Structure formats: structure tokens, C-alpha cells
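Heads up, the thing below is written out as C-alpha cells.
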Amino acid sequence: MTQNISIAPMLAEGDVEAFLTRDLAVVWHPCTQMREHRGELPLLPIRRGRGAWLEGLDGRRYLDGISSWWTNLFGHAHPHIAQAIGAQAAELEHVIYAGFAHEPGLRLAERLVAIAPRSATHAPLSRVFYGENGSAAIEIALKMSFHAHQNRGDGQRTRFVALQNGYHGETLGALAMSDIPLYRRIYAPLLLEPVFAPSPDAYHAEPGESAEACARRAAAALAVLFERDGATISALVLEPLVQCAGGMRMHHPAYLAEARRLCDAHGVHLIADEIAVGFGRTGTLFACEQAGITPDFLCLSKGLSGGALPLSAVLTHDSIFEAFWSEDRTRAFLHSHSFAGNPVACAAANATLDLFESTGAIAANRGTAAKLATAAARFADHPAVGDLRQTGMILAFELVEDRATRREYTDHPRQRALAAYRAGLDAGAVLRPLGNVLYWMPPYCIDDEAIAVLDRATAAAIEAYVRCA
Ligand SMILES: *Cc1c(COP(=O)(O)O)cnc(C)c1O
């Protein structure tokens, strides 16, 4: 590209120390007990990314086993995406998206509606509203759902239903829909109170019960809830197929088909949060495809830009859009974010969609997912692995003290997770356990050499988790 771009050089050990001291003096890192950075949790300065690998300021390489919080699809610093970003930034870096339009935003919207999940029985997703991140997409979908009902004169639909163990983000509205006590509990007095419906999570199947039967049992509970309260509910919000932050818990698609049917029967909108599972993670481009459903709102982010820039999109269908069409300004959706529809982020997303087309990633992932399954299989009988599960490009290992009862370790759970994380890093891979769940969610470009590293790092992480006291 151009001259004068400052690229961090590789640093000597002492200089890395100095960097860390400066960083820890001014930066407050996300989702972190900062005190742990003074001891057991290393802070890793990264100078560049290449493919599935991150390279530290000290020159060490780490396989990005979690795709940098599930955002990266085709590898870091992908030349096609980088080129698209550079070219767009040099032409139009941003313009207000209220009252203005641009080619990357239009092109992306046209492409998203063309690839969105569709079904014979429901109106296609035909409208795209942009936000800046996943949480914003959830806020947008919740507000749009509520407001659409209001505009239709259905003023009593003021509540939402979310699933137990679900996760939808950290802003107050999105956090309210989340059922992860670690993130939610302290803020509970500030939050909307959704009704939490039982999760279809197959991990909670009764002995002898199939994943599908387990999903249908959860759907039956949802039916009871809708029978009672359906007329006051605006929308059901869920993560199709995999509850990611909730420990990569997986469920049978039958739940989604049933949820769709129940939402229709009760006039409730279905919000599919595919922020983490969208764009091929579950084996299909969108998880909803596996249940043959079209949601009323589809929330996308993370992989939308290939993991390169913050961007989100909420897709909905014509009848929602039409509920806002009016001569009355207050009936409009007066929601905005300053960088909504940012053209550089849209260019990154368009480049990402190019890569889906040119690499045949969905088909290629089937082969990669099978290789990951083969590599993971050797841990299936490990005494500390209570469950090994996979949906497409997501694999999870439930680490337990007692395999038979799946009892988790109760002593030093945090230290164990940290020990596993460190052991993974020492073996060359970023594995960031969610509590007692170790998981793989690598970039799609992961090759055999990288899978071998993932495998070694996982063995080391499990050992460290068990040994730690
Ligand atoms: C990450 C995530 C979000 C929140 O997205 P942010 O961009 O971090 O705000 C919402 N829902 C799901 C399912 C996620 O995994």
C-alpha cells in the first residue's frame, strides 16, 4: 500500500516489558479483571495477523483458535479485505447515512437480502438496517419489534421472551435479554425483565432422551408460556443452533421450527441472533437454514465484515417496514448510530461476501469441520471431558471432574480456566475457555499444521485444567 504506515517492529524482551507497563498504565481492557494482568493472566501485545495466526510483539506466533472473539472468518489481514478497506477509505471514509446513500451500503444490502435464509411460508427478508456492533443490532431489533406492534395499534405487546443461558450483548437492552449471571447479575436492577424460557440445550437432555426430543420438550414449555402471555409479547429472541457465550451449548433445529410456528400462532416476532453463528459457522451460511425458517428479524455482525471492522445489520421483511411507513414522523424508526452504514465497513463486508463466492467456503468448511472432528475425537474419552460436541466449525469440550455425573470442579474454577488458557498459549494456540468449556472456533483457513497445533494446545490446556489446584 502506501508509505509512512507505521508497522510495529518486533521488539526485544525488555522493550515488550516496557510496552506492557505503558499499556497497563492507561488502557482498560474489555471483559477483564484488570488485576489479573498483574499476575496470572498474561497480556499479549500483537504486532500482526496472518491467516489463522497472530504474531506477538516478541515474534511468537499463536494460532487464533477462537477467531478473535468469533469475528474472523478468512484469516487475519486478508489481502482482499485489506485492499477493499484501503481503496474505500481513500475514496469515501464516511458520510452521514440519514439522507445520504453510497454504493458499498447499497451493494451490501442487495447482497444480504439475496443470501438471507428463506422459506416458502414466510415473507423474505427484504430490508437492511445498519448498526455498528452486535449489541446495537439487538437493540435495533427489539425496538423495531416493539414499535412495529405499537404502530399497528397493538399497544399491549411490551415484553420479550429470551432463552435461558442465552447471550445477546452488553448494552443494557441486549444484556437484559442475556441469561449469563456473570455479566448480568450486578446490573439486574437496571434491566428490562424478559421472560426466560427453558433452553433447548441438548446438554440438558434427560437420560436416553434425544437432542430432538429435548428440543421439543423446550418448545412445549414455550407453547405453555405463549398460551398464557402470548398477547403481551413483542418478540422471542434466540441464538439459533448454538448458545455461544453460554458455553457453546447446542440444540436440535426442531426447536427453531417449533419456535417459528408458535411465534406465528401468537403474533410474536422471532428475532434470530446470528451475530456469532451466521456466515457459515454452523455449516450452513445461516443457522436458520437448518430449520428451514425465516425469522422476522435477522441480526448479523462479527463475521459480517470478515472480522475486520465493526459493523452490524438487522434484516427484516416488508410488513415490518410498512408498519413504519406514514406521514407521521413519530411512526418512523428514529434510531441511529453515528457510524451506521459506514462505507469502509460495508466495503469490508462486500469483500467478505466476495470470498464466500470465490472460495466456496461453505463446501470447503465441510472438509475442515470433518478434520476438526477427527482431531477432537481423541479427547472424547478423556476422563475430564464430560461432553464433546460439534456444530459445523464450532467444537466444544465440557471439562468436568466426574465424567459419569458430569460434575464440574467446584474448587478454583477461575484458576483452572486461567491455567488452561496459559497452557494453550504456551503450546502456541489461543484457547479462551468459557468457564469449564474449552472450545474451537478457528478461522476457516485453518490448515493441517494449525490443526495439529490446536490439538497439542488442547491436550496441554485440559491437563492444566485438571492439574491446577
Ligand atoms: C458477540 C455477540 C453479541 C454482541 O455483539 P457485540 O458486537 O460484542 O456487541 C450478541 N449476540 C451474540 C450471539 C454474540 O455472540
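Chain labels follow the order of the C-alpha cells: the first chain is A, the next B, and so on; residue numbering restarts at 1 in every chain, and ligands are counted from 1 in their shown order.
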
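Around ligand 1, the neighbouring residues within 6 Å, taking only C-alpha atoms and all ligand atoms, come to Asn133, Gly134, Ser135, Tyr167, His168, Gly169, Glu239, Cys244, Asp273, Ile275 and Ala276 of chain A.
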
The selected residues should be written to file as a JSON list (two decimals), in the first residue's frame (atoms: N, CA and C atoms).
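Final output, saved to again28.json:
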[["chain", "number", "residue", "atom", "x", "y", "z"],
["A", 133, "ASN", "N", -22.39, -2.62, 15.82],
["A", 133, "ASN", "CA", -21.89, -3.81, 16.52],
["A", 133, "ASN", "C", -23.07, -4.71, 16.85],
["A", 134, "GLY", "N", -22.76, -5.86, 17.39],
["A", 134, "GLY", "CA", -23.81, -6.84, 17.64],
["A", 134, "GLY", "C", -24.85, -6.36, 18.64],
["A", 135, "SER", "N", -24.40, -5.77, 19.74],
["A", 135, "SER", "CA", -25.35, -5.30, 20.74],
["A", 135, "SER", "C", -26.31, -4.30, 20.14],
["A", 167, "TYR", "N", -27.27, -15.36, 25.20],
["A", 167, "TYR", "CA", -26.42, -14.16, 25.30],
["A", 167, "TYR", "C", -26.65, -13.29, 24.07],
["A", 168, "HIS", "N", -26.86, -11.99, 24.32],
["A", 168, "HIS", "CA", -27.14, -11.10, 23.19],
["A", 168, "HIS", "C", -26.36, -9.80, 23.22],
["A", 169, "GLY", "N", -25.40, -9.67, 24.14],
["A", 169, "GLY", "CA", -24.58, -8.47, 24.13],
["A", 169, "GLY", "C", -24.56, -7.77, 25.48],
["A", 239, "GLU", "N", -30.54, -17.41, 19.96],
["A", 239, "GLU", "CA", -29.36, -17.72, 19.14],
["A", 239, "GLU", "C", -29.63, -19.07, 18.48],
["A", 244, "CYS", "N", -23.61, -19.45, 22.17],
["A", 244, "CYS", "CA", -22.15, -19.39, 22.17],
["A", 244, "CYS", "C", -21.57, -18.95, 23.52],
["A", 273, "ASP", "N", -30.74, -14.14, 16.47],
["A", 273, "ASP", "CA", -29.44, -13.51, 16.71],
["A", 273, "ASP", "C", -28.36, -14.43, 16.12],
["A", 275, "ILE", "N", -25.47, -13.30, 15.20],
["A", 275, "ILE", "CA", -24.26, -12.48, 15.28],
["A", 275, "ILE", "C", -23.01, -13.37, 15.36],
["A", 276, "ALA", "N", -23.09, -14.44, 16.13],
["A", 276, "ALA", "CA", -21.95, -15.36, 16.23],
["A", 276, "ALA", "C", -22.05, -16.54, 15.26]]

**Request:** Using backbone DSSP assignments, extract all helix (DSSP H, G or I) residues from stretch 211-243 of chain A; output them as a PyMOL selection string.
**Result:** chain A and resi 211-232

Excluding stretch 70-80 of chain A and residues on its chain fewer than 6 positions from it, collect all residues at most 9 Å away from it, counting only C-alpha atoms, and give them as a tab-separated table (two decimals) with all heavy atoms, in the first residue's frame.
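Final file, selection-v9.tsv:
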chain	number	residue	atom	x	y	z
A	48	ARG	N	1.02	-8.32	14.39
A	48	ARG	CA	0.31	-8.53	13.13
A	48	ARG	C	-0.41	-9.88	13.13
A	48	ARG	O	-0.15	-10.74	13.96
A	48	ARG	CB	1.27	-8.43	11.95
A	48	ARG	CG	2.28	-9.54	11.90
A	48	ARG	CD	3.13	-9.38	10.65
A	48	ARG	NE	4.29	-10.23	10.72
A	48	ARG	CZ	5.36	-10.07	9.97
A	48	ARG	NH1	5.46	-9.06	9.15
A	48	ARG	NH2	6.37	-10.92	10.08
A	49	GLY	N	-1.30	-9.99	12.16
A	49	GLY	CA	-2.02	-11.25	11.97
A	49	GLY	C	-1.83	-11.71	10.54
A	49	GLY	O	-1.79	-10.90	9.61
A	50	ARG	N	-1.70	-13.02	10.39
A	50	ARG	CA	-1.57	-13.60	9.04
A	50	ARG	C	-2.36	-14.90	9.03
A	50	ARG	O	-2.04	-15.83	9.79
A	50	ARG	CB	-0.11	-13.91	8.71
A	50	ARG	CG	0.76	-12.71	8.42
A	50	ARG	CD	0.40	-12.05	7.08
A	50	ARG	NE	1.28	-10.92	6.82
A	50	ARG	CZ	1.06	-9.68	7.27
A	50	ARG	NH1	-0.01	-9.41	8.00
A	50	ARG	NH2	1.89	-8.70	6.98
A	51	GLY	N	-3.38	-14.97	8.17
A	51	GLY	CA	-4.18	-16.19	8.14
A	51	GLY	C	-4.75	-16.49	9.51
A	51	GLY	O	-5.27	-15.61	10.20
A	52	ALA	N	-4.62	-17.74	9.94
A	52	ALA	CA	-5.17	-18.13	11.23
A	52	ALA	C	-4.24	-17.78	12.39
A	52	ALA	O	-4.51	-18.14	13.53
A	52	ALA	CB	-5.45	-19.64	11.22
A	53	TRP	N	-3.14	-17.07	12.09
A	53	TRP	CA	-2.12	-16.84	13.11
A	53	TRP	C	-2.00	-15.38	13.53
A	53	TRP	O	-2.16	-14.47	12.72
A	53	TRP	CB	-0.76	-17.30	12.57
A	53	TRP	CG	-0.71	-18.77	12.29
A	53	TRP	CD1	-1.12	-19.39	11.14
A	53	TRP	CD2	-0.27	-19.80	13.18
A	53	TRP	NE1	-0.95	-20.76	11.26
A	53	TRP	CE2	-0.43	-21.03	12.49
A	53	TRP	CE3	0.25	-19.82	14.48
A	53	TRP	CZ2	-0.09	-22.26	13.08
A	53	TRP	CZ3	0.58	-21.04	15.05
A	53	TRP	CH2	0.41	-22.24	14.35
A	54	LEU	N	-1.68	-15.22	14.82
A	54	LEU	CA	-1.35	-13.91	15.36
A	54	LEU	C	0.12	-13.93	15.73
A	54	LEU	O	0.63	-14.94	16.21
A	54	LEU	CB	-2.18	-13.63	16.63
A	54	LEU	CG	-3.70	-13.56	16.42
A	54	LEU	CD1	-4.41	-13.61	17.77
A	54	LEU	CD2	-4.06	-12.29	15.66
A	276	ALA	N	-23.09	-14.44	16.13
A	276	ALA	CA	-21.95	-15.36	16.23
A	276	ALA	C	-22.05	-16.54	15.26
A	276	ALA	O	-21.04	-16.99	14.73
A	276	ALA	CB	-21.81	-15.87	17.66
A	277	VAL	N	-23.27	-17.04	15.06
A	277	VAL	CA	-23.39	-18.29	14.29
A	277	VAL	C	-23.57	-18.07	12.78
A	277	VAL	O	-23.52	-19.02	12.00
A	277	VAL	CB	-24.54	-19.19	14.81
A	277	VAL	CG1	-24.26	-19.65	16.22
A	277	VAL	CG2	-25.89	-18.49	14.70
A	279	PHE	N	-22.89	-16.62	8.86
A	279	PHE	CA	-21.75	-16.66	7.93
A	279	PHE	C	-20.93	-17.94	8.03
A	279	PHE	O	-19.71	-17.92	8.10
A	279	PHE	CB	-20.89	-15.40	8.07
A	279	PHE	CG	-21.65	-14.17	7.70
A	279	PHE	CD1	-22.16	-13.33	8.67
A	279	PHE	CD2	-21.91	-13.89	6.37
A	279	PHE	CE1	-22.93	-12.22	8.31
A	279	PHE	CE2	-22.68	-12.79	6.00
A	279	PHE	CZ	-23.18	-11.94	6.98
A	280	GLY	N	-21.66	-19.05	8.09
A	280	GLY	CA	-21.01	-20.33	7.87
A	280	GLY	C	-20.51	-21.07	9.10
A	280	GLY	O	-20.03	-22.19	8.98
A	281	ARG	N	-20.65	-20.48	10.29
A	281	ARG	CA	-20.10	-21.14	11.48
A	281	ARG	C	-20.73	-22.50	11.74
A	281	ARG	O	-20.06	-23.40	12.25
A	281	ARG	CB	-20.32	-20.26	12.72
A	281	ARG	CG	-19.33	-19.17	12.88
A	281	ARG	CD	-17.95	-19.68	13.25
A	281	ARG	NE	-17.00	-18.60	13.15
A	281	ARG	CZ	-15.69	-18.76	13.08
A	281	ARG	NH1	-15.16	-19.97	13.09
A	281	ARG	NH2	-14.90	-17.73	12.98
A	301	SER	N	-23.53	-9.58	12.69
A	301	SER	CA	-22.37	-8.72	12.99
A	301	SER	C	-21.14	-9.62	12.96
A	301	SER	O	-21.09	-10.53	12.14
A	301	SER	CB	-22.54	-8.01	14.35
A	301	SER	OG	-21.55	-7.03	14.51
A	302	LYS	N	-20.15	-9.41	13.82
A	302	LYS	CA	-18.96	-10.25	13.90
A	302	LYS	C	-18.42	-10.62	12.51
A	302	LYS	O	-17.74	-9.81	11.89
A	302	LYS	CB	-19.24	-11.49	14.75
A	302	LYS	CG	-19.44	-11.11	16.24
A	302	LYS	CD	-19.28	-12.25	17.19
A	302	LYS	CE	-19.18	-11.77	18.62
A	302	LYS	NZ	-20.30	-12.10	19.48
A	303	GLY	N	-18.74	-11.79	11.98
A	303	GLY	CA	-18.20	-12.22	10.70
A	303	GLY	C	-18.68	-11.42	9.51
A	303	GLY	O	-18.13	-11.55	8.40
A	304	LEU	N	-19.68	-10.57	9.72
A	304	LEU	CA	-20.23	-9.77	8.61
A	304	LEU	C	-19.14	-9.03	7.85
A	304	LEU	O	-19.17	-8.96	6.61
A	304	LEU	CB	-21.29	-8.81	9.18
A	304	LEU	CG	-21.86	-7.73	8.26
A	304	LEU	CD1	-22.58	-8.33	7.05
A	304	LEU	CD2	-22.85	-6.84	9.05
A	305	SER	N	-18.20	-8.47	8.57
A	305	SER	CA	-17.10	-7.73	7.91
A	305	SER	C	-15.86	-8.60	7.78
A	305	SER	O	-14.76	-8.09	7.60
A	305	SER	CB	-16.77	-6.48	8.73
A	305	SER	OG	-16.19	-6.86	9.97
A	306	GLY	N	-16.03	-9.91	7.92
A	306	GLY	CA	-14.88	-10.80	7.92
A	306	GLY	C	-14.06	-10.64	9.19
A	306	GLY	O	-12.95	-11.15	9.29
A	307	GLY	N	-14.62	-9.91	10.15
A	307	GLY	CA	-13.91	-9.67	11.40
A	307	GLY	C	-12.96	-8.49	11.32
A	307	GLY	O	-12.18	-8.25	12.24
A	308	ALA	N	-13.06	-7.72	10.24
A	308	ALA	CA	-12.07	-6.65	10.06
A	308	ALA	C	-12.50	-5.32	10.68
A	308	ALA	O	-11.65	-4.59	11.18
A	308	ALA	CB	-11.80	-6.45	8.57
A	348	ALA	N	-15.60	-3.75	3.53
A	348	ALA	CA	-15.01	-4.97	4.11
A	348	ALA	C	-16.01	-6.12	4.04
A	348	ALA	O	-15.64	-7.26	3.74
A	348	ALA	CB	-14.59	-4.71	5.56
A	351	ALA	N	-16.27	-7.37	0.51
A	351	ALA	CA	-15.09	-8.18	0.19
A	351	ALA	C	-15.22	-9.57	0.83
A	351	ALA	O	-14.80	-10.58	0.25
A	351	ALA	CB	-13.82	-7.48	0.67
A	352	THR	N	-15.81	-9.62	2.02
A	352	THR	CA	-16.03	-10.90	2.69
A	352	THR	C	-17.00	-11.77	1.88
A	352	THR	O	-16.76	-12.97	1.70
A	352	THR	CB	-16.58	-10.66	4.11
A	352	THR	OG1	-15.62	-9.85	4.82
A	352	THR	CG2	-16.80	-11.95	4.86
A	354	ASP	N	-17.46	-11.54	-1.28
A	354	ASP	CA	-16.70	-11.99	-2.46
A	354	ASP	C	-15.97	-13.29	-2.14
A	354	ASP	O	-15.92	-14.21	-2.95
A	354	ASP	CB	-15.60	-10.97	-2.85
A	354	ASP	CG	-16.15	-9.64	-3.31
A	354	ASP	OD1	-17.35	-9.56	-3.63
A	354	ASP	OD2	-15.35	-8.67	-3.33
A	355	LEU	N	-15.37	-13.34	-0.94
A	355	LEU	CA	-14.57	-14.52	-0.57
A	355	LEU	C	-15.46	-15.76	-0.42
A	355	LEU	O	-15.05	-16.86	-0.76
A	355	LEU	CB	-13.77	-14.26	0.70
A	355	LEU	CG	-12.65	-13.22	0.54
A	355	LEU	CD1	-12.00	-12.90	1.88
A	355	LEU	CD2	-11.60	-13.71	-0.45
A	361	ALA	N	-16.51	-21.36	0.40
A	361	ALA	CA	-16.17	-21.62	1.79
A	361	ALA	C	-17.12	-22.60	2.49
A	361	ALA	O	-16.69	-23.41	3.30
A	361	ALA	CB	-16.12	-20.30	2.57
A	441	MET	N	-13.10	-22.54	17.64
A	441	MET	CA	-13.90	-21.78	16.67
A	441	MET	C	-12.91	-21.02	15.79
A	441	MET	O	-12.82	-19.81	15.82
A	441	MET	CB	-14.83	-20.82	17.42
A	441	MET	CG	-15.98	-20.30	16.59
A	441	MET	SD	-17.27	-19.78	17.76
A	441	MET	CE	-18.37	-18.86	16.84
A	442	PRO	N	-12.13	-21.78	15.02
A	442	PRO	CA	-11.00	-21.18	14.30
A	442	PRO	C	-11.44	-20.50	13.00
A	442	PRO	O	-12.53	-20.77	12.49
A	442	PRO	CB	-10.13	-22.41	13.96
A	442	PRO	CG	-11.12	-23.52	13.80
A	442	PRO	CD	-12.23	-23.23	14.79
A	443	PRO	N	-10.58	-19.65	12.45
A	443	PRO	CA	-10.84	-19.11	11.12
A	443	PRO	C	-10.95	-20.26	10.11
A	443	PRO	O	-10.35	-21.32	10.29
A	443	PRO	CB	-9.59	-18.25	10.83
A	443	PRO	CG	-9.03	-17.93	12.17
A	443	PRO	CD	-9.33	-19.12	13.03
A	444	TYR	N	-11.71	-20.01	9.04
A	444	TYR	CA	-11.99	-21.07	8.08
A	444	TYR	C	-10.74	-21.52	7.31
A	444	TYR	O	-10.73	-22.59	6.72
A	444	TYR	CB	-13.06	-20.61	7.07
A	444	TYR	CG	-14.38	-20.22	7.71
A	444	TYR	CD1	-15.33	-19.48	7.01
A	444	TYR	CD2	-14.69	-20.61	9.02
A	444	TYR	CE1	-16.54	-19.12	7.59
A	444	TYR	CE2	-15.90	-20.25	9.60
A	444	TYR	CZ	-16.82	-19.50	8.88
A	444	TYR	OH	-18.02	-19.14	9.46
A	445	CYS	N	-9.70	-20.69	7.34
A	445	CYS	CA	-8.50	-21.01	6.58
A	445	CYS	C	-7.54	-21.92	7.37
A	445	CYS	O	-6.42	-22.16	6.94
A	445	CYS	CB	-7.78	-19.73	6.18
A	445	CYS	SG	-7.34	-18.71	7.61
A	446	ILE	N	-7.98	-22.42	8.52
A	446	ILE	CA	-7.10	-23.27	9.34
A	446	ILE	C	-6.65	-24.49	8.51
A	446	ILE	O	-7.46	-25.17	7.89
A	446	ILE	CB	-7.80	-23.68	10.65
A	446	ILE	CG1	-6.82	-24.39	11.58
A	446	ILE	CG2	-9.04	-24.51	10.40
A	446	ILE	CD1	-7.34	-24.56	12.99

**Message:** Report as number ranges by chain all protein, DNA and RNA residues lying within 7 Å of A:Asp201, evaluated on only C-alpha atoms, omitting residues in the same chain fewer than 3 positions from it.
**Reply:** A: 204, 249-251

Can you write out the residues you just picked, keeping all heavy atoms, as a PDB file, in the first residue's frame?
ATOM      1  N   HIS A 204     -28.741 -30.723  28.356  1.00  0.00           N
ATOM      2  CA  HIS A 204     -29.693 -30.971  29.441  1.00  0.00           C
ATOM      3  C   HIS A 204     -30.732 -32.031  29.089  1.00  0.00           C
ATOM      4  O   HIS A 204     -31.774 -32.123  29.755  1.00  0.00           O
ATOM      5  CB  HIS A 204     -30.384 -29.668  29.848  1.00  0.00           C
ATOM      6  CG  HIS A 204     -29.453 -28.687  30.484  1.00  0.00           C
ATOM      7  ND1 HIS A 204     -28.600 -29.033  31.504  1.00  0.00           N
ATOM      8  CD2 HIS A 204     -29.203 -27.385  30.211  1.00  0.00           C
ATOM      9  CE1 HIS A 204     -27.876 -27.977  31.849  1.00  0.00           C
ATOM     10  NE2 HIS A 204     -28.203 -26.958  31.082  1.00  0.00           N
ATOM     11  N   ARG A 249     -23.270 -24.198  23.847  1.00  0.00           N
ATOM     12  CA  ARG A 249     -24.302 -25.222  24.035  1.00  0.00           C
ATOM     13  C   ARG A 249     -25.133 -25.309  22.760  1.00  0.00           C
ATOM     14  O   ARG A 249     -25.500 -24.289  22.194  1.00  0.00           O
ATOM     15  CB  ARG A 249     -25.167 -24.864  25.244  1.00  0.00           C
ATOM     16  CG  ARG A 249     -24.406 -24.969  26.579  1.00  0.00           C
ATOM     17  CD  ARG A 249     -24.040 -26.406  26.882  1.00  0.00           C
ATOM     18  NE  ARG A 249     -23.366 -26.552  28.168  1.00  0.00           N
ATOM     19  CZ  ARG A 249     -23.985 -26.573  29.348  1.00  0.00           C
ATOM     20  NH1 ARG A 249     -25.298 -26.413  29.419  1.00  0.00           N
ATOM     21  NH2 ARG A 249     -23.301 -26.744  30.454  1.00  0.00           N
ATOM     22  N   MET A 250     -25.405 -26.530  22.344  1.00  0.00           N
ATOM     23  CA  MET A 250     -26.005 -26.754  21.030  1.00  0.00           C
ATOM     24  C   MET A 250     -27.384 -27.387  21.146  1.00  0.00           C
ATOM     25  O   MET A 250     -27.649 -28.150  22.080  1.00  0.00           O
ATOM     26  CB  MET A 250     -25.057 -27.648  20.217  1.00  0.00           C
ATOM     27  CG  MET A 250     -23.694 -26.984  20.072  1.00  0.00           C
ATOM     28  SD  MET A 250     -22.426 -28.036  19.339  1.00  0.00           S
ATOM     29  CE  MET A 250     -20.992 -26.924  19.478  1.00  0.00           C
ATOM     30  N   HIS A 251     -28.246 -27.052  20.194  1.00  0.00           N
ATOM     31  CA  HIS A 251     -29.578 -27.669  20.225  1.00  0.00           C
ATOM     32  C   HIS A 251     -30.017 -28.112  18.825  1.00  0.00           C
ATOM     33  O   HIS A 251     -29.451 -27.712  17.818  1.00  0.00           O
ATOM     34  CB  HIS A 251     -30.618 -26.742  20.856  1.00  0.00           C
ATOM     35  CG  HIS A 251     -30.771 -25.410  20.183  1.00  0.00           C
ATOM     36  ND1 HIS A 251     -30.220 -24.256  20.689  1.00  0.00           N
ATOM     37  CD2 HIS A 251     -31.400 -25.034  19.056  1.00  0.00           C
ATOM     38  CE1 HIS A 251     -30.520 -23.232  19.891  1.00  0.00           C
ATOM     39  NE2 HIS A 251     -31.237 -23.683  18.892  1.00  0.00           N
TER      40      HIS A 251
END

**Request:** For A:Ala419, list every protein, DNA or RNA residue within 8 Å, evaluated using only C-alpha atoms, and leave out those in the same chain fewer than 2 positions away; present the list as a count of residues only.
**Result:** 10
